[in-house]
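Here is the structure we will look at.
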Amino acid sequence: MRCHTARRWITADLAGELSPGRVRRLTEHVERCEGCRRERTAYAALDRLLEALPPEAPLSARLEQDTLRRVRLAADDVPERAGFWRWLGMGAPALAGAAVLLLAVRAVVPPEEPASPPTRSKQLAASGRSRATAPAPATARRRATGSVPSEPPPELVANPDLFVNLPVLRNMEKLQHYEAIQTTTLDEQHDGPSNG
Amino acid sequence: MSRVARALFVLLLAAAPAAAQWGGRGWQQLSPEEQRRAWQNYQRYQQLPQQRQQLYENRFQRFQNLPPQEQQRLRQNYEAYRNQDPAARQQFNERYRRWKQGGQPR
């Protein structure tokens, strides 16, 4: 297998869209190829990070007001300055604001693997599965994803359609407005400020 | 009165297939391929934070309440979405971002 193909399959695999045969071939390739292994690790980390993001990141009113106040103060302070110094005067508070926002986002989003969240262990314990071990790296977990067990977990049996349709649910809004999104142009809205 | 009861019974009989279609399927009704996908997705689901799991459960409720044709449309759109090559998918996601910024209803 070529790396080019492997890298296309990596994202499909992470989305659960790769056939078992391809998963096997991809796993074999990734075990041999360090570049693709790195690529998969990076994609898996990104995937987890995106999954961990809350639907809307909470931003404290105090942080928002503080940032806006700093920007306003900086704007009032520098009308006479020009060129590099003006840019620096405006840029520094903005950079500071961005840094604070970044820290806030990092505080909300766990950096790597969440350290065995109580809900997960509770659920696994409730379903009585032996998989309730310490969290492993994504690649290792993926290898554990074998064939369907002869006795699937009760949660899965109780509501299989939820899990069959999980990729659809994950992208539900996009899929509901698929046609409208397809016809959205990329250029015309670029100039003006966004409404959102 | 009995005529009304009979009419209701006929109505119930007529509605049964539609109701069955709207309800969830049992595990044994899934094809082996669907069972495999469900199992893999289940494992991924277990690794999600509770908030995200709740979000998907809410969406599933909404999905189940959609008419079968609409469910089918979403599945077809998903097939079209996943069959895009990475560049086209990235462009679609960019369009989605723009579309959302345009103040479209959620």
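Chain lettering (A, B, ...) mirrors the order of the structure tokens, residue numbering begins at 1 for each chain separately, and ligand numbering begins at 1 in order of display.
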Practice task
Write out as a PyMOL selection string every residue belonging to chain B that has an atom at most 7 Å from any atom of chain A, counting only C-alpha atoms.
Solution key: chain B and resi 24-27+34+36-42+46-50+56+59-60+74-75+77-78+92+95-96+99+101-103
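The spacing separating CA of Arg44 in chain B from CA of Asp13 in chain A amounts to 11.7 Å.
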Practice task
Compile the contact shell of Trp9 in chain A as a PyMOL selection string: residues with an atom at most 12 Å away, counting only C-alpha atoms, same-chain residues fewer than 4 positions apart removed.
Solution key: (chain A and resi 1-5+13-27+29-30+36+39-40+43) or (chain B and resi 82-83+85-86)
Go ahead and save the picked residues with C-alpha atoms, as a short mmCIF file (atom, residue, chain, number, x, y, z; two decimals), in the first residue's frame.
```cif
data_model
loop_
_atom_site.label_atom_id
_atom_site.label_comp_id
_atom_site.auth_asym_id
_atom_site.auth_seq_id
_atom_site.Cartn_x
_atom_site.Cartn_y
_atom_site.Cartn_z
CA MET A 1 0.00 0.00 0.00
CA ARG A 2 1.20 3.48 -0.83
CA CYS A 3 1.36 6.17 1.80
CA HIS A 4 -0.93 8.34 -0.32
CA THR A 5 -3.69 5.72 -0.13
CA ASP A 13 -11.02 4.78 9.38
CA LEU A 14 -11.36 7.36 12.14
CA ALA A 15 -14.85 8.14 10.93
CA GLY A 16 -15.70 4.44 11.07
CA GLU A 17 -16.23 4.22 7.36
CA LEU A 18 -13.54 1.76 6.34
CA SER A 19 -14.31 -1.87 5.60
CA PRO A 20 -12.69 -4.50 7.88
CA GLY A 21 -10.37 -5.66 5.06
CA ARG A 22 -9.10 -2.14 4.51
CA VAL A 23 -8.76 -1.54 8.24
CA ARG A 24 -6.52 -4.63 8.38
CA ARG A 25 -4.43 -3.49 5.41
CA LEU A 26 -4.16 0.01 6.83
CA THR A 27 -3.11 -1.32 10.23
CA HIS A 29 0.89 -0.48 6.66
CA VAL A 30 0.82 1.87 9.63
CA CYS A 36 1.74 7.25 8.43
CA GLU A 39 -0.17 10.98 10.71
CA ARG A 40 -2.74 8.65 12.23
CA TYR A 43 -5.49 12.76 13.21
CA ARG B 82 -18.48 10.76 2.90
CA ASN B 83 -17.79 9.94 -0.75
CA ASP B 85 -12.49 13.38 -1.62
CA PRO B 86 -10.65 15.14 1.23
#
```
Practice task
Could you please determine the separation between CA of Ile10 in chain A and CA of Glu57 in chain B in Å, to one decimal place?
Solution key: 26.6 Å
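From CA of Arg7 in chain A back to CA of Glu31 in chain A, the distance works out to 13.4 Å.
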